[in-house]
Every structure is written in structure tokens, then in C-alpha cells.
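A.B. asks: What follows is the file upload.csv, containing CSV, C-alpha atoms:
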```
chain,number,residue,atom,x,y,z
A,14,GLY,CA,-5.3,-16.9,-16.4
A,15,VAL,CA,-4.0,-19.2,-13.5
A,16,ILE,CA,-6.6,-17.9,-11.1
A,17,LEU,CA,-9.5,-18.4,-13.6
A,18,THR,CA,-8.2,-21.9,-14.5
A,19,ARG,CA,-8.5,-23.0,-10.9
A,20,PHE,CA,-11.6,-20.9,-10.0
A,21,PRO,CA,-13.5,-19.9,-13.2
A,22,GLN,CA,-16.1,-18.0,-11.1
A,23,ALA,CA,-13.5,-15.6,-9.7
A,24,ARG,CA,-14.0,-11.9,-10.2
A,25,VAL,CA,-10.5,-10.5,-10.8
A,26,VAL,CA,-9.9,-6.8,-10.2
A,27,ASP,CA,-6.6,-5.2,-11.2
A,28,LEU,CA,-6.3,-2.5,-8.6
A,29,ALA,CA,-2.9,-1.3,-9.7
A,30,HIS,CA,-0.4,-2.7,-12.2
A,31,ASP,CA,2.0,0.2,-12.6
A,32,ILE,CA,3.7,0.3,-9.2
A,33,PRO,CA,7.5,0.6,-9.4
A,34,ALA,CA,9.1,-2.8,-9.4
A,35,GLN,CA,11.4,-2.3,-6.5
A,36,TRP,CA,9.2,-0.2,-4.2
A,37,PRO,CA,7.0,-2.3,-1.8
A,38,PRO,CA,5.9,0.7,0.3
A,39,GLU,CA,3.8,2.0,-2.6
A,40,ALA,CA,2.0,-1.4,-3.0
A,41,GLY,CA,1.5,-1.4,0.8
A,42,PHE,CA,0.0,2.0,0.7
A,43,TRP,CA,-2.6,1.0,-1.9
A,44,VAL,CA,-3.4,-2.2,-0.2
A,45,SER,CA,-3.9,-0.7,3.3
A,46,ARG,CA,-5.9,2.3,2.0
A,47,SER,CA,-8.0,0.5,-0.6
A,48,TYR,CA,-9.0,-2.9,0.8
A,49,ARG,CA,-12.0,-1.5,2.8
A,50,TRP,CA,-13.8,-0.5,-0.4
A,51,PHE,CA,-14.0,-4.1,-1.4
A,52,PRO,CA,-16.6,-6.5,0.0
A,53,ALA,CA,-15.8,-8.7,2.9
A,54,GLY,CA,-14.3,-12.0,1.9
A,55,THR,CA,-12.1,-10.5,-0.8
A,56,VAL,CA,-8.6,-12.0,-1.3
A,57,HIS,CA,-6.0,-9.2,-1.9
A,58,MET,CA,-2.9,-10.5,-3.7
A,59,ALA,CA,-0.1,-7.9,-3.7
A,60,ILE,CA,3.2,-8.7,-5.4
A,61,VAL,CA,6.1,-6.3,-5.5
A,62,ASP,CA,8.8,-8.9,-5.0
A,63,PRO,CA,12.5,-7.9,-5.4
A,64,GLY,CA,13.5,-11.1,-3.5
A,65,VAL,CA,11.6,-13.5,-5.8
A,66,GLY,CA,13.3,-16.9,-5.9
A,67,THR,CA,15.2,-16.4,-2.6
A,68,GLU,CA,14.3,-17.7,0.8
A,69,ARG,CA,12.1,-14.7,1.6
A,70,ASP,CA,8.8,-15.7,3.2
A,71,ILE,CA,5.2,-15.2,1.9
A,72,LEU,CA,2.7,-13.9,4.4
A,73,LEU,CA,-1.0,-14.9,4.6
A,74,VAL,CA,-3.1,-12.5,6.6
A,75,GLY,CA,-6.7,-12.5,7.8
A,76,TYR,CA,-7.9,-9.1,9.0
A,77,ASP,CA,-11.2,-7.2,9.1
A,78,GLY,CA,-13.0,-9.9,7.1
A,79,HIS,CA,-10.4,-9.8,4.3
A,80,THR,CA,-7.5,-12.0,3.3
A,81,PHE,CA,-4.1,-10.7,2.2
A,82,MET,CA,-1.2,-12.4,0.5
A,83,ALA,CA,2.1,-10.8,-0.2
A,84,PRO,CA,5.9,-11.4,0.1
A,85,ASP,CA,7.3,-10.7,3.5
A,86,ASN,CA,9.4,-7.7,2.5
A,87,GLY,CA,7.7,-4.9,4.3
A,88,LEU,CA,4.8,-4.6,1.8
A,89,LEU,CA,2.1,-5.4,4.4
A,90,ALA,CA,3.8,-3.6,7.3
A,91,GLN,CA,1.6,-0.5,6.9
A,92,LEU,CA,-1.5,-2.7,7.3
A,93,LEU,CA,-0.1,-5.0,10.0
A,94,ASP,CA,1.4,-2.4,12.2
A,95,ARG,CA,-2.1,-0.9,12.8
A,96,ALA,CA,-4.0,-4.2,12.8
A,97,ASP,CA,-4.1,-5.5,16.4
A,98,SER,CA,-6.5,-8.3,15.6
A,99,ALA,CA,-4.8,-9.7,12.4
A,100,GLU,CA,-4.1,-13.4,12.0
A,101,VAL,CA,-0.7,-13.7,10.3
A,102,PHE,CA,0.7,-16.9,8.9
A,103,ARG,CA,3.9,-17.8,7.0
A,104,LEU,CA,3.3,-19.9,3.9
A,105,ASP,CA,4.6,-23.4,4.6
A,106,ALA,CA,6.4,-24.9,1.6
A,107,ASP,CA,5.5,-28.5,2.6
A,108,ARG,CA,1.8,-27.6,2.6
A,109,VAL,CA,2.1,-26.0,-0.8
A,110,GLU,CA,3.6,-29.2,-2.2
A,111,ARG,CA,0.4,-31.0,-1.2
A,112,LEU,CA,-1.5,-28.8,-3.7
A,113,GLY,CA,0.3,-30.6,-6.5
A,114,LEU,CA,1.4,-27.3,-8.2
A,115,PRO,CA,4.0,-27.5,-11.0
A,116,PRO,CA,7.5,-26.7,-10.0
A,117,ALA,CA,7.8,-22.9,-9.4
A,118,SER,CA,10.0,-20.9,-11.7
A,119,ALA,CA,12.8,-18.8,-10.1
A,120,THR,CA,11.4,-15.5,-11.4
A,121,PHE,CA,7.6,-15.6,-11.6
A,122,HIS,CA,6.1,-16.6,-8.2
A,123,GLY,CA,3.1,-14.4,-8.9
A,124,ARG,CA,2.0,-16.9,-11.5
A,125,ASP,CA,3.4,-20.1,-10.0
A,126,ILE,CA,2.6,-19.7,-6.2
A,127,PHE,CA,0.6,-16.6,-5.4
A,128,ALA,CA,-2.1,-17.0,-8.1
A,129,PRO,CA,-3.1,-20.6,-7.6
A,130,ILE,CA,-3.1,-20.2,-3.8
A,131,ALA,CA,-5.2,-17.0,-4.1
A,132,ALA,CA,-7.7,-18.9,-6.3
A,133,GLU,CA,-8.0,-21.7,-3.7
A,134,LEU,CA,-8.6,-19.2,-0.9
A,135,ALA,CA,-11.1,-17.2,-3.0
A,136,ALA,CA,-13.0,-20.5,-3.8
A,137,GLY,CA,-13.2,-21.4,-0.2
A,138,ARG,CA,-11.4,-24.6,-0.6
A,139,LEU,CA,-8.5,-23.6,1.7
A,140,THR,CA,-8.0,-21.2,4.6
A,141,ILE,CA,-4.8,-19.4,5.5
A,142,ALA,CA,-4.5,-21.7,8.6
A,143,ASP,CA,-4.4,-24.6,6.2
A,144,LEU,CA,-1.4,-23.2,4.4
A,145,GLY,CA,1.0,-22.0,7.0
A,146,GLN,CA,2.3,-21.5,10.5
A,147,PRO,CA,1.2,-18.5,12.7
A,148,VAL,CA,3.8,-15.8,13.2
A,149,GLY,CA,4.0,-12.7,15.4
A,150,SER,CA,6.6,-10.8,13.5
A,151,TRP,CA,7.3,-9.7,9.9
A,152,ILE,CA,9.8,-7.6,7.9
A,153,PRO,CA,9.2,-3.9,8.9
A,154,GLY,CA,8.2,-1.2,6.4
A,155,TRP,CA,10.8,0.5,4.4
A,156,LEU,CA,9.6,4.0,5.5
A,157,ASP,CA,9.5,5.4,9.0
A,158,GLU,CA,6.2,6.4,10.4
A,159,PRO,CA,5.7,10.2,10.4
A,160,ASP,CA,7.3,12.2,13.2
A,161,VAL,CA,4.6,14.0,15.1
A,162,ALA,CA,5.5,17.0,17.3
A,163,ALA,CA,3.7,20.1,18.5
A,164,GLY,CA,2.6,22.1,15.5
A,165,ARG,CA,4.7,20.0,13.1
A,166,VAL,CA,4.5,16.6,11.3
A,167,SER,CA,7.3,15.2,9.2
A,168,GLY,CA,6.6,12.5,6.6
A,169,VAL,CA,7.5,11.4,3.1
A,170,ILE,CA,6.0,11.0,-0.3
A,171,VAL,CA,4.9,7.4,-0.8
A,172,THR,CA,3.4,7.5,-4.3
A,173,ILE,CA,2.6,9.7,-7.3
A,174,ASP,CA,-0.7,9.2,-9.1
A,175,THR,CA,-1.4,9.6,-12.8
A,176,PHE,CA,-2.2,13.3,-12.3
A,177,GLY,CA,1.3,14.0,-10.8
A,178,ASN,CA,-0.2,14.5,-7.3
A,179,LEU,CA,2.4,13.7,-4.6
A,180,ILE,CA,0.7,11.5,-2.0
A,181,SER,CA,2.3,11.3,1.5
A,182,ASN,CA,2.1,9.0,4.5
A,183,ILE,CA,0.8,11.9,6.7
A,184,ASP,CA,-2.6,10.9,7.9
A,185,ALA,CA,-5.3,13.7,8.3
A,186,SER,CA,-5.6,12.9,12.0
A,187,MET,CA,-2.0,13.9,12.6
A,188,ILE,CA,-2.8,17.5,11.7
A,189,ASP,CA,-6.0,17.8,13.6
A,190,GLY,CA,-6.1,21.1,15.4
A,191,PHE,CA,-3.7,22.9,13.0
A,192,THR,CA,-5.3,26.3,12.4
A,193,GLU,CA,-3.1,27.4,9.4
A,194,PRO,CA,-1.4,24.2,8.1
A,195,VAL,CA,1.4,24.7,5.5
A,196,ALA,CA,3.2,22.1,3.5
A,197,ASP,CA,7.0,22.4,3.1
A,198,ILE,CA,8.5,20.4,0.3
A,199,ALA,CA,11.4,20.9,-2.1
A,200,GLY,CA,12.0,24.3,-0.8
A,201,HIS,CA,8.5,25.5,-1.3
A,202,GLN,CA,5.9,26.5,1.3
A,203,ILE,CA,2.5,25.6,0.1
A,204,PRO,CA,-0.9,26.4,1.7
A,205,MET,CA,-3.3,23.6,2.5
A,206,LEU,CA,-6.7,24.1,0.9
A,207,PRO,CA,-10.0,22.2,1.1
A,208,THR,CA,-10.0,21.1,-2.5
A,209,TYR,CA,-8.3,21.5,-5.9
A,210,GLY,CA,-10.8,24.1,-7.1
A,211,ARG,CA,-9.7,26.6,-4.4
A,212,ALA,CA,-6.4,27.1,-6.2
A,213,ARG,CA,-5.9,28.9,-9.5
A,214,PRO,CA,-4.7,27.0,-12.5
A,215,GLY,CA,-0.9,26.4,-12.1
A,216,GLU,CA,-0.9,27.1,-8.4
A,217,LEU,CA,0.5,24.5,-5.9
A,218,LEU,CA,-1.7,23.4,-3.0
A,219,ALA,CA,-1.8,20.7,-0.4
A,220,LEU,CA,-5.0,19.0,0.8
A,221,VAL,CA,-6.3,15.9,2.5
A,222,ASN,CA,-7.2,13.5,-0.3
A,223,SER,CA,-9.9,10.8,-0.6
A,224,PHE,CA,-7.7,8.3,1.1
A,225,GLY,CA,-7.4,10.5,4.2
A,226,VAL,CA,-3.7,11.5,3.8
A,227,VAL,CA,-2.0,14.7,2.8
A,228,GLU,CA,-1.1,15.2,-0.9
A,229,VAL,CA,0.6,18.0,-2.7
A,230,ALA,CA,-1.0,19.0,-6.0
A,231,LYS,CA,-0.8,21.5,-8.8
A,232,ALA,CA,-4.2,22.9,-10.0
A,233,GLU,CA,-4.7,21.6,-13.6
A,234,GLY,CA,-1.1,20.4,-13.7
A,235,SER,CA,1.5,18.0,-12.3
A,236,ALA,CA,3.1,18.8,-8.9
A,237,ALA,CA,5.6,16.0,-9.5
A,238,GLU,CA,6.9,17.8,-12.6
A,239,GLY,CA,6.6,21.3,-11.2
A,240,LEU,CA,8.6,20.4,-8.1
A,241,SER,CA,10.9,17.8,-9.7
A,242,THR,CA,10.1,15.6,-6.7
A,243,ALA,CA,9.9,11.9,-6.5
A,244,ARG,CA,8.9,9.1,-4.1
A,245,GLY,CA,10.7,9.2,-0.8
A,246,ALA,CA,10.9,13.0,-0.8
A,247,PRO,CA,10.4,14.6,2.7
A,248,LEU,CA,7.3,16.5,3.4
A,249,VAL,CA,6.7,18.7,6.5
A,250,ILE,CA,3.3,20.1,7.6
A,251,SER,CA,3.6,23.0,10.0
A,252,ASP,CA,1.0,25.1,11.7
A,253,GLY,CA,1.6,28.5,10.1
A,254,TYR,CA,4.1,30.0,7.7
A,255,LYS,CA,7.8,30.3,8.6
A,256,THR,CA,9.0,33.9,9.2
```
Any chance you could give the structure as C-alpha cells?
C.D. replies:
Amino acid sequence: GVILTRFPQARVVDLAHDIPAQWPPEAGFWVSRSYRWFPAGTVHMAIVDPGVGTERDILLVGYDGHTFMAPDNGLLAQLLDRADSAEVFRLDADRVERLGLPPASATFHGRDIFAPIAAELAAGRLTIADLGQPVGSWIPGWLDEPDVAAGRVSGVIVTIDTFGNLISNIDASMIDGFTEPVADIAGHQIPMLPTYGRARPGELLALVNSFGVVEVAKAEGSAAEGLSTARGAPLVISDGYKT
């Protein structure tokens, strides 16, 4: 409502609204893996903000023809750590005051700060350089990057989709050259297959999904329920079964 009030012509897309409230890495995953499917010029506003109302900063980022806005709590680290040419600014409170916004509440900065600024950016009335100071550092991501060794990659589960698929931070490029990749999770060794249809109903499998990362699935079922596994669980991809 705030966005449309300030910019009635805005096209608002709700990419995801069910991310756990205290888990910025999942929001960061969806932002970094999804933004490229939107047209250049899109403003991506991502808010998973446990520190709302505190002195935490807000980042404004220009990268790859897109604009990103999120709290500086590690949410954008997955994107920024791989974006050498990104322009990163810290929102300046003094410049926000010049917009004449009503006083912000202590608990709903998404409505009171993020939304009106996103609307101004999308309308082209402001740029990120108008709103902040350039910075060269930000809060690091909550999850370590996967550990890559000869014949073995160790990562973690970042998110679980509505089908119960366990989606990891292991990029497909990290297992290039593996001849017989096997996923090890929750005490199970699971073969990697090209697609869901290669497994029988009820069987566990691992595969490279449409976002280019390894996920663990259960054919016609929920891997999350079958393995009793949650976000943050370790996942190892090895080249060949253990003997």
C-alpha cells in the first residue's frame, strides 16, 4: 500500500513472503538466485530484520542493472561477496529526513522506511547515491561458504521449499568432474540423479535444481519430513560411495 501510494504505476511482485523471521540467509539465497529473472531496472526489497529498531544499517546496492535494498545483517552477503562491480551505499538517516516521511515506528521499518524509499527508487525520482554514503564492507553472511576439496564438497541446507526439497548452498560448478556424486545427509547416502523422474516414488535422490545448486528430494514426497532435517543441516557431496 505504501509503495502504490507513492508510485501508483509500480508493479509489485511478492517473490517470497514465508521465509523464517529470524533467518536472513534464506532471504539472501532467494534474492541472489532469483533477481536475474526480473527485468533490468527492478528494485529488489528484501526484509528479514531481527535488528529492526536498532542501530543496524540499511544497504542500498546497484549491481548488474538492478537495485537492492536490505538490512545490513548478512542478508545480501551471498550476492555482494560474488559481485565485484557492485556499488554499495549505507542509507543516511539525514538524507531520509529530507524525504519528509512520517516518524518511523520501532518495529515496522518495512512499511515506514523500506517501502517509501523503494517506491522513490522505482519511480526514478531518486538514485541510491542520493540516499547514502558509499561503503566497502558489510555484515558477513551467517553461513560459511562450502568447503571444496578433492572429490568432496561440504555445505549446508539453506532453505526448504513447499515440496519438502532440501536446497543447499553447494553450486553445481563445485562438483564438476565428479563421476559418481553421492549426497551424504542425516546419516544417509543418496545418489545424485538427473531429475526427479529417475527415482521411484518414495525414494530419496539428490540433483542439481533449477537454481543451479544441489538439493535433496524425495520422489513424490517430502525429503524434509523423511529425513527429519532442517535448515542449517550439513550436506556433503562425495565422488563415489563410502566403503
A.B. asks: Residues within 7 Å of (-1.9, 13.5, 4.4), file coordinates, counting all atoms listed in the file: what are they? Give the list as a list in words.
C.D. replies: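 Result, sorted by chain then residue number: Ser181, Asn182, Ile183, Asp184, Ala185, Val221, Gly225, Val226, Val227 and Glu228 of chain A.
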A.B. asks: Could you name the residues that touch Ala136 in chain A at 10 Å or less, counting all atoms listed in the file, but leaving out those on the same chain fewer than 2 positions away, as a compact mmCIF listing (two decimals) with C-alpha atoms, keeping the file's coordinate frame?
C.D. replies:
```txt
# COMPACT_ATOMS: atom_id res chain seq x y z
CA ARG A 19 -8.50 -23.00 -10.90
CA PHE A 20 -11.60 -20.90 -10.00
CA PRO A 21 -13.50 -19.90 -13.20
CA GLN A 22 -16.10 -18.00 -11.10
CA ALA A 23 -13.50 -15.60 -9.70
CA VAL A 56 -8.60 -12.00 -1.30
CA ILE A 130 -3.10 -20.20 -3.80
CA ALA A 131 -5.20 -17.00 -4.10
CA ALA A 132 -7.70 -18.90 -6.30
CA GLU A 133 -8.00 -21.70 -3.70
CA LEU A 134 -8.60 -19.20 -0.90
CA ARG A 138 -11.40 -24.60 -0.60
CA LEU A 139 -8.50 -23.60 1.70
CA THR A 140 -8.00 -21.20 4.60
```
A.B. asks: Which residue, A:Arg95, A:His122, A:Arg211, A:Arg49, has the smallest gap to Asp62 in chain A when you use only C-alpha atoms?
C.D. replies: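 For Asp62 in chain A, the nearest of the candidates is A:His122.
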A.B. asks: Between A:Ile180, A:Ala232, A:Leu28, A:Ala199, single out the one closest to Arg213 in chain A, counting all atoms listed in the file.
C.D. replies: A:Ala232
A.B. asks: Taking 3 positions as the minimum chain separation for residues in the same chain, which residues sit within 9 Å of Gly54 in chain A when counting only C-alpha atoms? Answer as a PyMOL selection string.
C.D. replies: chain A and resi 51+78-80+135
A.B. asks: May I have the residues at most 12 Å from (4.7, 17.9, -10.9) in the file's coordinates, counting only C-alpha atoms, as a VMD selection string?
C.D. replies: chain A and resid 173 to 180 199 215 to 218 228 to 244
